$ cat query22.cif   # mmCIF, C-alpha atoms
data_entry
loop_
_atom_site.label_atom_id
_atom_site.label_comp_id
_atom_site.auth_asym_id
_atom_site.auth_seq_id
_atom_site.Cartn_x
_atom_site.Cartn_y
_atom_site.Cartn_z
CA MET B 21 127.62 91.06 89.89
CA LYS B 22 130.84 90.31 88.05
CA ASN B 23 132.74 92.19 90.72
CA SER B 24 131.21 89.95 93.38
CA ILE B 25 132.29 86.76 91.56
CA VAL B 26 135.88 88.01 91.27
CA LEU B 27 135.93 89.13 94.90
CA ASN B 28 134.65 85.77 96.17
CA SER B 29 137.02 83.75 93.99
CA VAL B 30 140.01 85.76 95.22
CA ARG B 31 138.81 85.39 98.79
CA PHE B 32 138.34 81.63 98.34
CA LEU B 33 141.79 81.09 96.85
CA SER B 34 143.62 83.23 99.39
CA LEU B 35 141.86 81.63 102.36
CA LEU B 36 142.50 78.15 100.92
CA LEU B 37 146.22 78.89 100.48
CA ALA B 38 146.47 80.47 103.94
CA GLN B 39 144.76 77.42 105.42
CA LEU B 40 146.97 74.87 103.68
CA LEU B 41 150.30 76.63 103.95
CA VAL B 42 150.00 78.26 107.37
CA PHE B 43 147.09 77.20 109.56
CA ASN B 44 147.30 73.44 108.93
CA ASN B 45 150.83 73.50 110.37
CA ILE B 46 150.20 75.39 113.59
CA ASP B 47 149.63 72.41 115.96
CA PHE B 48 149.22 74.72 118.94
CA MET B 49 149.40 72.66 122.18
CA GLY B 50 149.86 69.57 120.02
CA TYR B 51 146.37 69.26 118.58
CA ILE B 52 144.84 72.68 117.92
CA ASN B 53 144.76 73.58 114.24
CA PRO B 54 142.37 76.45 113.49
CA TYR B 55 140.27 76.37 110.32
CA PRO B 56 139.78 80.03 109.31
CA TYR B 57 138.82 78.99 105.75
CA VAL B 58 135.20 78.87 107.01
CA LEU B 59 135.28 82.69 106.90
CA PHE B 60 134.67 82.33 103.14
CA LEU B 61 131.31 80.71 103.88
CA LEU B 62 130.49 83.11 106.72
CA VAL B 63 130.88 86.27 104.65
CA PHE B 64 129.45 84.79 101.44
CA PRO B 65 126.82 87.26 100.13
CA PHE B 66 123.57 86.89 102.07
CA THR B 67 121.53 87.60 98.96
CA ALA B 68 122.92 84.66 96.99
CA ASN B 69 120.74 81.82 95.75
CA ARG B 70 120.38 79.26 98.53
CA SER B 71 120.96 76.18 96.33
CA LEU B 72 124.07 77.73 94.83
CA TYR B 73 125.34 78.53 98.31
CA LEU B 74 124.83 74.90 99.44
CA CYS B 75 126.70 73.58 96.39
CA ILE B 76 129.57 76.02 96.90
CA ALA B 77 129.82 75.07 100.57
CA PHE B 78 129.95 71.39 99.63
CA LEU B 79 132.69 71.97 97.05
CA THR B 80 134.70 74.13 99.46
CA GLY B 81 134.62 71.32 102.02
CA LEU B 82 135.49 68.72 99.40
CA THR B 83 138.54 70.75 98.33
CA MET B 84 139.76 70.81 101.93
CA ASP B 85 139.14 67.05 102.16
CA MET B 86 141.19 66.45 99.06
CA PHE B 87 144.19 68.28 100.51
CA ASN B 88 143.80 66.74 103.98
CA ASN B 89 142.96 63.15 102.94
CA SER B 90 140.04 63.24 105.34
CA GLY B 91 137.25 61.56 103.35
CA GLY B 92 134.21 63.85 103.49
CA ILE B 93 134.32 65.42 106.94
CA HIS B 94 134.94 69.01 105.82
CA ALA B 95 132.27 68.69 103.12
CA ALA B 96 129.68 67.52 105.66
CA ALA B 97 130.63 70.20 108.21
CA CYS B 98 130.56 73.03 105.64
CA LEU B 99 127.23 71.80 104.31
CA VAL B 100 125.64 71.86 107.76
CA LEU B 101 127.09 75.33 108.33
CA ALA B 102 125.61 76.55 105.05
CA TYR B 103 122.21 75.04 105.81
CA ALA B 104 122.13 76.47 109.32
CA ARG B 105 123.25 79.98 108.37
CA PRO B 106 119.78 81.51 107.79
CA ILE B 107 118.61 80.07 111.12
CA VAL B 108 121.60 81.52 112.96
CA LEU B 109 121.13 84.85 111.19
CA GLN B 110 117.56 84.97 112.46
CA PHE B 111 118.75 84.02 115.93
CA THR B 112 121.48 86.67 116.09
CA PHE B 113 119.83 89.60 114.38
CA GLY B 114 116.28 89.14 115.64
CA VAL B 115 113.11 87.82 114.05
CA SER B 116 112.53 90.93 111.99
CA TYR B 117 115.77 90.59 110.09
CA GLU B 118 115.82 90.95 106.36
CA TYR B 119 118.95 89.52 105.08
CA ASN B 120 119.08 91.81 102.12
CA ALA B 121 119.77 94.65 104.48
CA ILE B 122 122.53 93.03 106.51
CA LYS B 123 126.08 93.99 105.71
CA LEU B 124 128.62 92.38 108.01
CA PRO B 125 130.98 95.36 108.33
CA LYS B 126 128.08 97.57 109.41
CA ILE B 127 126.82 95.54 112.35
CA SER B 128 128.25 95.80 115.83
CA ILE B 129 131.27 93.76 116.82
CA TYR B 130 129.22 92.05 119.53
CA GLU B 131 126.61 90.67 117.15
CA ARG B 132 129.28 89.77 114.64
CA SER B 133 131.17 87.72 117.25
CA ILE B 134 128.02 85.83 118.26
CA TYR B 135 127.24 85.06 114.61
CA ILE B 136 130.78 83.84 113.88
CA LEU B 137 131.19 81.89 117.13
CA THR B 138 127.87 80.02 116.79
CA LEU B 139 128.49 78.86 113.24
CA VAL B 140 132.16 78.05 113.82
CA LEU B 141 131.34 75.91 116.87
CA LEU B 142 128.63 74.09 114.92
CA HIS B 143 131.04 73.46 112.03
CA HIS B 144 133.80 72.22 114.35
CA LEU B 145 131.45 69.97 116.31
CA ILE B 146 130.37 68.16 113.12
CA LEU B 147 133.95 68.14 111.83
CA PHE B 148 135.55 66.58 114.91
CA SER B 149 132.68 64.15 115.58
CA LEU B 150 133.13 62.76 112.08
CA GLU B 151 136.92 62.85 112.34
CA VAL B 152 137.12 60.92 115.61
CA PHE B 153 134.02 58.85 114.69
CA ASN B 154 133.75 57.26 118.11
CA ILE B 155 131.10 58.24 120.65
CA ALA B 156 133.29 56.93 123.49
CA ASN B 157 135.67 59.87 122.94
CA ILE B 158 132.92 62.47 123.35
CA LEU B 159 134.92 64.46 125.92
CA TYR B 160 137.91 64.66 123.60
CA ILE B 161 135.61 65.82 120.76
CA LEU B 162 134.05 68.53 122.93
CA LYS B 163 137.43 69.71 124.22
CA LYS B 164 138.85 69.90 120.72
CA THR B 165 135.71 71.64 119.42
CA LEU B 166 135.80 74.26 122.16
CA PHE B 167 139.48 75.21 121.97
CA THR B 168 139.82 75.02 118.19
CA GLY B 169 136.48 76.81 117.77
CA ILE B 170 137.56 79.73 119.94
CA LEU B 171 140.87 80.09 118.08
CA THR B 172 139.15 79.88 114.68
CA SER B 173 136.55 82.46 115.72
CA ILE B 174 139.22 84.90 116.90
CA LEU B 175 141.11 84.49 113.62
CA CYS B 176 137.91 84.88 111.55
CA LEU B 177 136.94 88.02 113.43
CA ALA B 178 140.45 89.45 113.05
CA PHE B 179 140.50 88.77 109.29
CA ASN B 180 137.02 90.18 108.97
CA ILE B 181 137.99 93.42 110.69
CA LEU B 182 141.33 93.69 108.89
CA PHE B 183 139.96 93.19 105.42
CA SER B 184 136.62 94.96 105.60
CA ARG B 185 136.43 97.86 103.20
CA HIS B 186 134.46 100.18 105.44
CA LYS B 187 137.11 101.97 107.40
CA GLU B 188 136.04 103.88 110.47
CA MET Z 20 101.66 64.53 90.09
CA GLN Z 21 101.31 68.27 90.28
CA GLN Z 22 101.52 68.06 94.06
CA ILE Z 23 104.66 65.92 93.99
CA ILE Z 24 106.41 68.42 91.70
CA ASN Z 25 105.25 71.29 93.88
CA PHE Z 26 106.58 69.49 96.93
CA LEU Z 27 109.94 68.93 95.23
CA ILE Z 28 110.20 72.57 94.19
CA ARG Z 29 109.18 73.85 97.60
CA ASN Z 30 111.72 71.67 99.40
CA LYS Z 31 114.46 71.77 96.81
CA ASN Z 32 116.99 73.28 99.19
CA PHE Z 33 116.36 70.70 101.85
CA LEU Z 34 116.54 67.86 99.32
CA LEU Z 35 119.78 69.23 97.91
CA PHE Z 36 121.16 69.52 101.44
CA ALA Z 37 120.13 65.95 102.29
CA PHE Z 38 121.62 64.57 99.09
CA LEU Z 39 124.97 66.34 99.50
CA LEU Z 40 125.12 65.42 103.19
CA PHE Z 41 124.51 61.79 102.28
CA LEU Z 42 127.32 61.98 99.72
CA SER Z 43 129.78 63.47 102.21
CA LEU Z 44 128.84 60.88 104.85
CA VAL Z 45 129.51 58.12 102.32
CA PHE Z 46 132.99 59.58 101.71
CA THR Z 47 133.55 59.85 105.47
CA ILE Z 48 132.50 56.30 106.27
CA GLN Z 49 134.57 55.04 103.37
CA SER Z 50 137.61 56.84 104.78
CA HIS Z 51 137.11 55.18 108.17
CA SER Z 52 137.08 51.66 106.82
CA TYR Z 53 140.48 50.09 106.64
CA HIS Z 54 142.11 49.59 103.27
CA ARG Z 55 139.60 50.97 100.86
CA SER Z 56 140.78 53.17 98.02
CA LYS Z 57 139.53 56.66 98.59
CA PHE Z 58 137.82 58.61 95.89
CA ILE Z 59 139.11 61.93 97.25
CA ASN Z 60 142.81 61.90 98.14
CA SER Z 61 145.84 64.14 97.86
CA ALA Z 62 147.70 61.93 95.36
CA ASN Z 63 146.77 64.10 92.39
CA PHE Z 64 148.60 66.72 90.38
CA LEU Z 65 146.85 69.67 92.04
CA SER Z 66 147.44 68.99 95.74
CA GLY Z 67 150.59 66.98 95.05
CA GLY Z 68 152.06 69.82 93.02
CA LEU Z 69 151.25 72.40 95.68
CA TYR Z 70 152.73 70.31 98.48
CA GLU Z 71 155.80 69.51 96.36
CA SER Z 72 156.68 73.15 95.75
CA LEU Z 73 156.03 74.00 99.39
CA SER Z 74 158.18 71.17 100.72
CA SER Z 75 161.08 72.03 98.41
CA ILE Z 76 161.29 75.32 100.34
CA GLN Z 77 160.82 73.75 103.77
CA ASP Z 78 163.48 71.11 103.07
CA TYR Z 79 166.24 73.72 103.24
CA PHE Z 80 165.51 74.32 106.90
CA ASN Z 81 165.81 70.64 107.72
CA LEU Z 82 169.00 69.86 105.78
CA LYS Z 83 171.04 69.61 108.96
CA THR Z 84 168.67 67.03 110.49
CA TYR Z 85 168.59 65.00 107.28
CA ASN Z 86 172.40 64.93 107.13
CA GLN Z 87 172.53 63.76 110.72
CA GLN Z 88 170.02 60.98 109.98
CA LEU Z 89 172.03 59.85 106.94
CA LEU Z 90 175.26 59.79 108.93
CA GLU Z 91 173.66 57.69 111.65
CA GLU Z 92 172.21 55.30 109.10
CA ASN Z 93 175.57 54.94 107.34
CA ALA Z 94 177.28 54.19 110.63
CA ARG Z 95 174.70 51.53 111.44
CA LEU Z 96 174.97 49.93 108.01
CA ARG Z 97 178.77 49.84 108.24
CA GLU Z 98 178.47 48.11 111.58
CA ILE Z 99 176.09 45.50 110.18
CA LYS Z 100 178.31 44.97 107.16
CA SER Z 101 181.47 44.43 109.18
CA SER Z 102 179.77 42.03 111.57
CA SER Z 103 177.91 40.04 108.90
CA SER Z 104 180.82 39.41 106.54
CA THR Z 105 182.22 36.80 108.93
CA GLN Z 106 178.85 35.06 109.12
CA PHE Z 107 178.64 34.86 105.35
CA GLU Z 108 182.03 33.18 105.22
CA ASP Z 109 180.87 30.67 107.82
CA ALA Z 110 177.78 29.94 105.79
CA LEU Z 111 179.83 29.48 102.63
CA SER Z 112 182.22 27.10 104.29
CA TYR Z 113 179.30 24.82 105.15
CA GLY Z 114 178.46 24.66 101.49
CA GLN Z 115 175.14 26.53 101.74
CA THR Z 116 174.04 28.69 98.87
CA ILE Z 117 173.18 32.28 99.45
CA ASP Z 118 170.30 33.80 97.55
CA THR Z 119 172.00 36.74 95.87
CA VAL Z 120 168.76 38.43 94.80
CA SER Z 121 167.28 40.18 97.83
CA GLN Z 122 163.61 39.58 98.59
CA TYR Z 123 163.06 43.26 99.31
CA ASN Z 124 163.65 46.26 97.12
CA TYR Z 125 163.92 49.75 98.64
CA ILE Z 126 162.62 52.77 96.71
CA PRO Z 127 163.54 56.22 98.09
CA ALA Z 128 160.72 58.79 98.29
CA ARG Z 129 160.49 62.26 99.77
CA VAL Z 130 157.71 63.32 102.18
CA ILE Z 131 155.92 66.41 100.83
CA ASN Z 132 153.04 66.58 103.29
CA ASN Z 133 152.74 65.13 106.76
CA SER Z 134 150.02 65.32 109.40
CA TYR Z 135 150.05 64.01 112.95
CA SER Z 136 147.56 66.04 115.01
CA LYS Z 137 144.37 64.41 113.73
CA SER Z 138 143.07 60.98 114.68
CA ASP Z 139 143.41 59.62 111.13
CA ASN Z 140 146.63 60.88 109.61
CA PHE Z 141 147.97 60.54 106.09
CA ILE Z 142 151.33 61.40 104.53
CA THR Z 143 151.86 62.43 100.91
CA LEU Z 144 155.01 61.22 99.13
CA LEU Z 145 156.73 62.49 96.01
CA GLY Z 146 156.96 59.22 94.12
CA GLY Z 147 154.20 57.18 92.49
CA GLU Z 148 153.47 54.55 89.89
CA ARG Z 149 156.30 55.67 87.62
CA ASN Z 150 158.73 55.00 90.50
CA LEU Z 151 157.14 51.50 90.75
CA ILE Z 152 155.35 52.40 94.00
CA LYS Z 153 152.12 50.43 94.36
CA LYS Z 154 149.30 50.12 96.88
CA ASP Z 155 150.03 48.11 100.06
CA MET Z 156 153.78 48.59 100.09
CA GLY Z 157 155.44 49.38 103.43
CA VAL Z 158 157.05 52.77 104.14
CA ILE Z 159 159.97 53.17 106.61
CA THR Z 160 162.75 55.60 107.48
CA SER Z 161 166.19 54.75 108.80
CA ASN Z 162 164.70 55.03 112.32
CA GLY Z 163 161.74 52.74 111.79
CA ILE Z 164 158.25 52.19 110.53
CA VAL Z 165 156.11 54.99 108.98
CA GLY Z 166 153.07 53.45 107.29
CA ILE Z 167 151.58 51.66 104.29
CA ILE Z 168 150.94 53.04 100.77
CA GLU Z 169 147.22 53.74 100.36
CA ASN Z 170 146.64 55.53 97.03
CA THR Z 171 148.96 56.19 94.12
CA SER Z 172 148.93 58.45 91.08
CA SER Z 173 151.65 58.57 88.43
CA LYS Z 174 153.83 60.99 90.38
CA TYR Z 175 152.53 61.00 93.99
CA SER Z 176 151.24 58.59 96.58
CA THR Z 177 149.48 58.83 99.93
CA VAL Z 178 150.57 56.81 102.96
CA PHE Z 179 148.33 55.37 105.65
CA SER Z 180 150.41 56.58 108.62
CA ILE Z 181 150.93 54.48 111.76
CA LEU Z 182 149.34 57.51 113.43
CA ASN Z 183 145.94 56.46 112.13
CA THR Z 184 143.39 54.82 114.40
CA ASN Z 185 142.59 52.26 111.68
CA PHE Z 186 146.21 51.18 111.22
CA GLN Z 187 147.19 47.67 112.32
CA THR Z 188 150.27 45.60 111.82
CA SER Z 189 152.03 42.80 113.61
CA ALA Z 190 154.90 43.63 116.01
CA LYS Z 191 157.21 41.52 118.15
CA LEU Z 192 159.82 41.80 120.88
CA ARG Z 193 163.41 41.94 119.69
CA THR Z 194 164.51 39.51 122.42
CA SER Z 195 161.88 36.83 121.71
CA ASP Z 196 159.35 35.92 119.05
CA HIS Z 197 156.23 36.80 121.04
CA PHE Z 198 154.10 39.07 118.89
CA GLY Z 199 151.16 41.43 119.27
CA THR Z 200 149.15 43.91 117.22
CA LEU Z 201 150.44 47.45 116.74
CA LYS Z 202 147.73 50.14 116.98
CA TRP Z 203 147.39 53.82 117.80
CA ASP Z 204 144.84 55.30 120.21
CA GLY Z 205 144.81 58.71 118.51
CA LEU Z 206 146.22 60.76 121.39
CA ASP Z 207 150.01 61.24 121.51
CA PRO Z 208 151.96 61.22 118.20
CA ASN Z 209 155.04 59.80 119.97
CA ILE Z 210 153.32 56.87 121.70
CA VAL Z 211 151.73 53.85 120.00
CA GLN Z 212 150.24 50.72 121.56
CA VAL Z 213 150.84 47.01 121.13
CA VAL Z 214 147.89 44.90 122.27
CA ASP Z 215 147.36 41.14 122.61
CA MET Z 216 150.94 40.32 123.56
CA GLN Z 217 151.01 36.91 125.28
CA GLU Z 218 151.32 37.02 129.05
CA GLN Z 219 154.34 34.64 128.92
CA ALA Z 220 156.38 37.17 126.92
CA PRO Z 221 159.45 38.51 128.78
CA VAL Z 222 158.41 42.17 128.71
CA LYS Z 223 160.71 44.80 130.26
CA VAL Z 224 160.56 48.59 130.17
CA GLY Z 225 163.07 49.87 127.60
CA ASP Z 226 163.02 46.73 125.41
CA THR Z 227 162.94 47.20 121.66
CA ILE Z 228 159.85 46.39 119.59
CA GLU Z 229 160.21 45.62 115.89
CA THR Z 230 158.05 44.32 113.04
CA SER Z 231 157.46 40.57 113.04
CA GLY Z 232 157.54 39.86 109.33
CA ASN Z 233 154.23 37.97 109.61
CA SER Z 234 152.64 40.22 107.03
CA ALA Z 235 154.02 40.40 103.51
CA ILE Z 236 154.30 44.20 103.82
CA PHE Z 237 157.21 44.80 106.21
CA PRO Z 238 160.34 42.65 106.43
CA LYS Z 239 161.22 41.16 109.80
CA GLY Z 240 163.17 43.44 112.11
CA VAL Z 241 162.14 46.96 111.07
CA LEU Z 242 162.46 49.09 114.21
CA ILE Z 243 159.33 50.50 115.85
CA GLY Z 244 160.14 51.82 119.33
CA SER Z 245 160.99 51.04 122.92
CA ILE Z 246 158.58 49.95 125.66
CA GLU Z 247 157.58 52.88 127.85
CA ASN Z 248 155.29 50.95 130.19
CA PHE Z 249 153.01 47.91 130.13
CA GLU Z 250 150.06 46.38 131.95
CA LEU Z 251 147.97 43.21 131.83
CA ASP Z 252 144.53 43.69 130.30
CA SER Z 253 141.30 42.85 132.15
CA SER Z 254 141.37 39.18 131.12
CA LYS Z 255 144.90 38.84 132.66
CA ASN Z 256 146.04 36.92 129.60
CA PHE Z 257 147.49 39.61 127.41
CA TYR Z 258 149.79 42.58 127.84
CA THR Z 259 149.00 46.04 126.53
CA LEU Z 260 152.27 47.88 125.89
CA SER Z 261 152.88 51.60 125.37
CA ILE Z 262 155.66 52.10 122.85
CA ARG Z 263 157.71 55.27 122.42
CA LEU Z 264 158.49 55.52 118.70
CA PHE Z 265 162.11 55.79 117.52
CA ASN Z 266 160.88 57.80 114.58
CA ASP Z 267 159.93 61.43 115.15
CA MET Z 268 156.67 61.30 113.18
CA THR Z 269 156.38 65.09 113.40
CA ASN Z 270 159.60 65.57 111.42
CA LEU Z 271 159.80 63.22 108.44
CA GLY Z 272 161.99 64.01 105.45
CA HIS Z 273 163.17 61.07 103.36
CA THR Z 274 161.60 57.64 103.44
CA TYR Z 275 162.04 54.26 101.79
CA VAL Z 276 159.18 52.36 100.20
CA ILE Z 277 159.60 48.59 100.49
CA GLU Z 278 158.71 46.35 97.60
CA ASN Z 279 158.38 42.67 98.53
CA ARG Z 280 159.25 40.67 95.40
CA ASP Z 281 157.75 37.49 96.82
CA LYS Z 282 154.47 39.07 97.87
CA ASN Z 283 152.32 37.62 95.08
CA GLU Z 284 153.80 34.18 95.62
CA ILE Z 285 153.11 34.32 99.36
CA GLN Z 286 149.56 35.56 98.84
CA GLU Z 287 148.75 32.93 96.20
CA LEU Z 288 150.02 30.23 98.50
CA GLU Z 289 148.01 31.54 101.44
CA ASN Z 290 144.84 31.92 99.35
CA ALA Z 291 145.23 28.39 98.01
CA THR Z 292 145.59 27.08 101.57
CA ILE Z 293 142.46 28.92 102.69
CA ASN Z 294 140.48 27.64 99.69
CA GLU Z 295 141.38 24.06 100.45
CA GLU Z 296 139.78 24.20 103.88
#
$ encode --input "query22.cif" --output "structure tokens"
Amino acid sequence: MKNSIVLNSVRFLSLLLAQLLVFNNIDFMGYINPYPYVLFLLVFPFTANRSLYLCIAFLTGLTMDMFNNSGGIHAAACLVLAYARPIVLQFTFGVSYEYNAIKLPKISIYERSIYILTLVLLHHLILFSLEVFNIANILYILKKTLFTGILTSILCLAFNILFSRHKE
Amino acid sequence: MQQIINFLIRNKNFLLFAFLLFLSLVFTIQSHSYHRSKFINSANFLSGGLYESLSSIQDYFNLKTYNQQLLEENARLREIKSSSSTQFEDALSYGQTIDTVSQYNYIPARVINNSYSKSDNFITLLGGERNLIKKDMGVITSNGIVGIIENTSSKYSTVFSILNTNFQTSAKLRTSDHFGTLKWDGLDPNIVQVVDMQEQAPVKVGDTIETSGNSAIFPKGVLIGSIENFELDSSKNFYTLSIRLFNDMTNLGHTYVIENRDKNEIQELENATINEE
């Protein structure tokens, strides 16, 4: 238990620093900045208390908002991601899933990609809709969501594979 | 009663979710309304400190650019000085008095965090209340306009960048006094727009646009950019201009914060005039 708290805190801090110092300054093609900090919420223990998970997601988003001066857009997006996670888990791993049994490094890369891509796209859709805050720019929102979402998913998957403890 | 409590317990996750979502939406909507102090901002010791230490490393790589900017600014100031000294003598010979205390005070501040790829961008400065920086002061560089101070802490402040879709200020042509409203459409960080410029204005591609001095924030004549192209809007009465900024907003180093010493006086006068009506 204690081990898990330490592990998650270290993961949170390192992803936060990586996000702020590296990934916020990428500006690929002028507007694409990936947000791989969501990996923290994606790999958060599946067995954790649901209310605690929601609160942690909210605070993670709020921290990002503080550094980015963006109001509450990251908080809202992370919260929706956290709330939708069990639904997406059920969708990706079948109806008969028991989330106690799922360990991310053990499932196939295909299922893992679907899981990450779905939640990342959802998170980015909320994030950019709230950031642009104008329904007239819906095409711009969708374009940004798609490209940034794909880049974020690739980065999340890469980090996940690189840092998983189960070596093959 | 029992049923209500049971309902609350059964749906506690959903209620928590709804409450936190409501909270974050309040923060979001607050951040989209113009000129409202934000509860969550990067002018605090945690994010300010992190950005400060990061930018002190990054500054080394930009020293050459900063030196170049300073040289150019010095050259321009020397030019102004040599050309204005004769005018001052003329003014003196006519017996006019010159106000020796300048209306504007310039406070130097270093940029420690800058964003330009979002639709609402903010800049964090090293310099806050203890450097006499207050809310609603203008921020410029030697090349032109940057933004308006939004939040301050004792050591840091955040700037409402001109690259923010809620930003508005008054801008005019250098060659005449026709003015319009400066805005940004959120797309290209090098191009801003001026809308509602009178159709009579002598607009030409390549002309310089500068601040009008109508607001108490920026003095008259701060550079903004040059006209890239222009078109009449649908009512055929007003021009919409695309302006290429002189400032490279993606590479900001040192800025000046402008304090207007007469601001309170101007505002009191204007408020009194409005109240009389």
$ closest_atom_pairs --input "query22.cif" --of "stretch 31-138 of chain B" --to "stretch 41-50 of chain Z" --cutoff "12 Å" --atoms "all atoms listed in the file" --output "Markdown table"
| residue | atom | partner | partner_atom | distance |
| --- | --- | --- | --- | --- |
| B:Ala77 | CA | Z:Ser43 | CA | 11.7 |
| B:Phe78 | CA | Z:Ser43 | CA | 8.3 |
| B:Leu79 | CA | Z:Ser43 | CA | 10.4 |
| B:Gly81 | CA | Z:Ser43 | CA | 9.2 |
| B:Leu82 | CA | Z:Ser43 | CA | 8.3 |
| B:Asp85 | CA | Z:Phe46 | CA | 9.7 |
| B:Met86 | CA | Z:Phe46 | CA | 11.0 |
| B:Asn88 | CA | Z:Ser50 | CA | 11.7 |
| B:Asn89 | CA | Z:Ser50 | CA | 8.5 |
| B:Ser90 | CA | Z:Ser50 | CA | 6.9 |
| B:Gly91 | CA | Z:Thr47 | CA | 4.6 |
| B:Gly92 | CA | Z:Thr47 | CA | 4.5 |
| B:Ile93 | CA | Z:Thr47 | CA | 5.8 |
| B:His94 | CA | Z:Ser43 | CA | 8.4 |
| B:Ala95 | CA | Z:Ser43 | CA | 5.9 |
| B:Ala96 | CA | Z:Ser43 | CA | 5.3 |
| B:Ala97 | CA | Z:Ser43 | CA | 9.1 |
| B:Cys98 | CA | Z:Ser43 | CA | 10.2 |
| B:Leu99 | CA | Z:Ser43 | CA | 9.0 |
| B:Val100 | CA | Z:Ser43 | CA | 10.9 |
$ atom_distance --input "query22.cif" --atom1 "atom CA of Z:Asn162" --atom2 "atom CA of Z:Ser176"
21.0 Å
$ resolve_selection --input "query22.cif" --expression "the PyMOL selection byres ((chain B and resi 102) around 12)" --output "ChimeraX atom specification"
/B:58-66,68-81,95-101,103-109,139-140,142-143 /Z:32-33,35-36,39-40
$ resolve_selection --input "query22.cif" --expression "the PyMOL selection byres ((chain Z and resi 144) around 12)" --output "MDAnalysis selection string"
chainID Z and resid 61:63 66:68 70:71 74 126:133 141:143 145:148 150 152 158 165:180 271:276
$ atom_distance --input "query22.cif" --atom1 "atom CA of Z:Thr227" --atom2 "atom CA of Z:Ile243"
7.6 Å
$ residues_around --input "query22.cif" --residues "stretch 37-54 of chain B" --least-positions-apart "6" --cutoff "9 Å" --atoms "all atoms listed in the file" --output "PyMOL selection string"
(chain B and resi 84+87-88+164+167-173+175) or (chain Z and resi 70+73+134-137+206-208)
$ build_atoms --input "query22.cif" --residues "stretch 30-45 of chain B" --atoms "N, CA and C atoms" --output "PDB file, in the frame of the given file"
ATOM      1  N   VAL B  30     138.729  85.367  94.623  1.00  0.00           N
ATOM      2  CA  VAL B  30     140.010  85.760  95.220  1.00  0.00           C
ATOM      3  C   VAL B  30     140.025  85.409  96.692  1.00  0.00           C
ATOM      4  N   ARG B  31     138.895  85.676  97.366  1.00  0.00           N
ATOM      5  CA  ARG B  31     138.810  85.390  98.790  1.00  0.00           C
ATOM      6  C   ARG B  31     138.954  83.883  99.043  1.00  0.00           C
ATOM      7  N   PHE B  32     138.270  83.083  98.195  1.00  0.00           N
ATOM      8  CA  PHE B  32     138.340  81.630  98.340  1.00  0.00           C
ATOM      9  C   PHE B  32     139.778  81.144  98.194  1.00  0.00           C
ATOM     10  N   LEU B  33     140.436  81.586  97.114  1.00  0.00           N
ATOM     11  CA  LEU B  33     141.790  81.090  96.850  1.00  0.00           C
ATOM     12  C   LEU B  33     142.761  81.521  97.943  1.00  0.00           C
ATOM     13  N   SER B  34     142.658  82.787  98.386  1.00  0.00           N
ATOM     14  CA  SER B  34     143.620  83.230  99.390  1.00  0.00           C
ATOM     15  C   SER B  34     143.392  82.543 100.727  1.00  0.00           C
ATOM     16  N   LEU B  35     142.118  82.339 101.098  1.00  0.00           N
ATOM     17  CA  LEU B  35     141.860  81.630 102.360  1.00  0.00           C
ATOM     18  C   LEU B  35     142.301  80.177 102.279  1.00  0.00           C
ATOM     19  N   LEU B  36     142.093  79.549 101.102  1.00  0.00           N
ATOM     20  CA  LEU B  36     142.500  78.150 100.920  1.00  0.00           C
ATOM     21  C   LEU B  36     144.016  78.031 101.071  1.00  0.00           C
ATOM     22  N   LEU B  37     144.760  78.942 100.399  1.00  0.00           N
ATOM     23  CA  LEU B  37     146.220  78.890 100.480  1.00  0.00           C
ATOM     24  C   LEU B  37     146.686  79.161 101.903  1.00  0.00           C
ATOM     25  N   ALA B  38     146.088  80.157 102.552  1.00  0.00           N
ATOM     26  CA  ALA B  38     146.470  80.470 103.940  1.00  0.00           C
ATOM     27  C   ALA B  38     146.229  79.265 104.831  1.00  0.00           C
ATOM     28  N   GLN B  39     145.096  78.596 104.620  1.00  0.00           N
ATOM     29  CA  GLN B  39     144.760  77.420 105.420  1.00  0.00           C
ATOM     30  C   GLN B  39     145.791  76.309 105.229  1.00  0.00           C
ATOM     31  N   LEU B  40     146.105  76.015 103.956  1.00  0.00           N
ATOM     32  CA  LEU B  40     146.970  74.870 103.680  1.00  0.00           C
ATOM     33  C   LEU B  40     148.408  75.145 104.050  1.00  0.00           C
ATOM     34  N   LEU B  41     148.874  76.369 103.767  1.00  0.00           N
ATOM     35  CA  LEU B  41     150.300  76.630 103.950  1.00  0.00           C
ATOM     36  C   LEU B  41     150.620  77.066 105.368  1.00  0.00           C
ATOM     37  N   VAL B  42     149.692  77.737 106.040  1.00  0.00           N
ATOM     38  CA  VAL B  42     150.000  78.260 107.370  1.00  0.00           C
ATOM     39  C   VAL B  42     149.215  77.540 108.456  1.00  0.00           C
ATOM     40  N   PHE B  43     147.886  77.593 108.389  1.00  0.00           N
ATOM     41  CA  PHE B  43     147.090  77.200 109.560  1.00  0.00           C
ATOM     42  C   PHE B  43     147.033  75.697 109.781  1.00  0.00           C
ATOM     43  N   ASN B  44     147.282  74.886 108.712  1.00  0.00           N
ATOM     44  CA  ASN B  44     147.300  73.440 108.930  1.00  0.00           C
ATOM     45  C   ASN B  44     148.561  73.005 109.674  1.00  0.00           C
ATOM     46  N   ASN B  45     149.557  73.895 109.766  1.00  0.00           N
ATOM     47  CA  ASN B  45     150.830  73.500 110.370  1.00  0.00           C
ATOM     48  C   ASN B  45     151.046  74.134 111.735  1.00  0.00           C
TER      49      ASN B  45
END
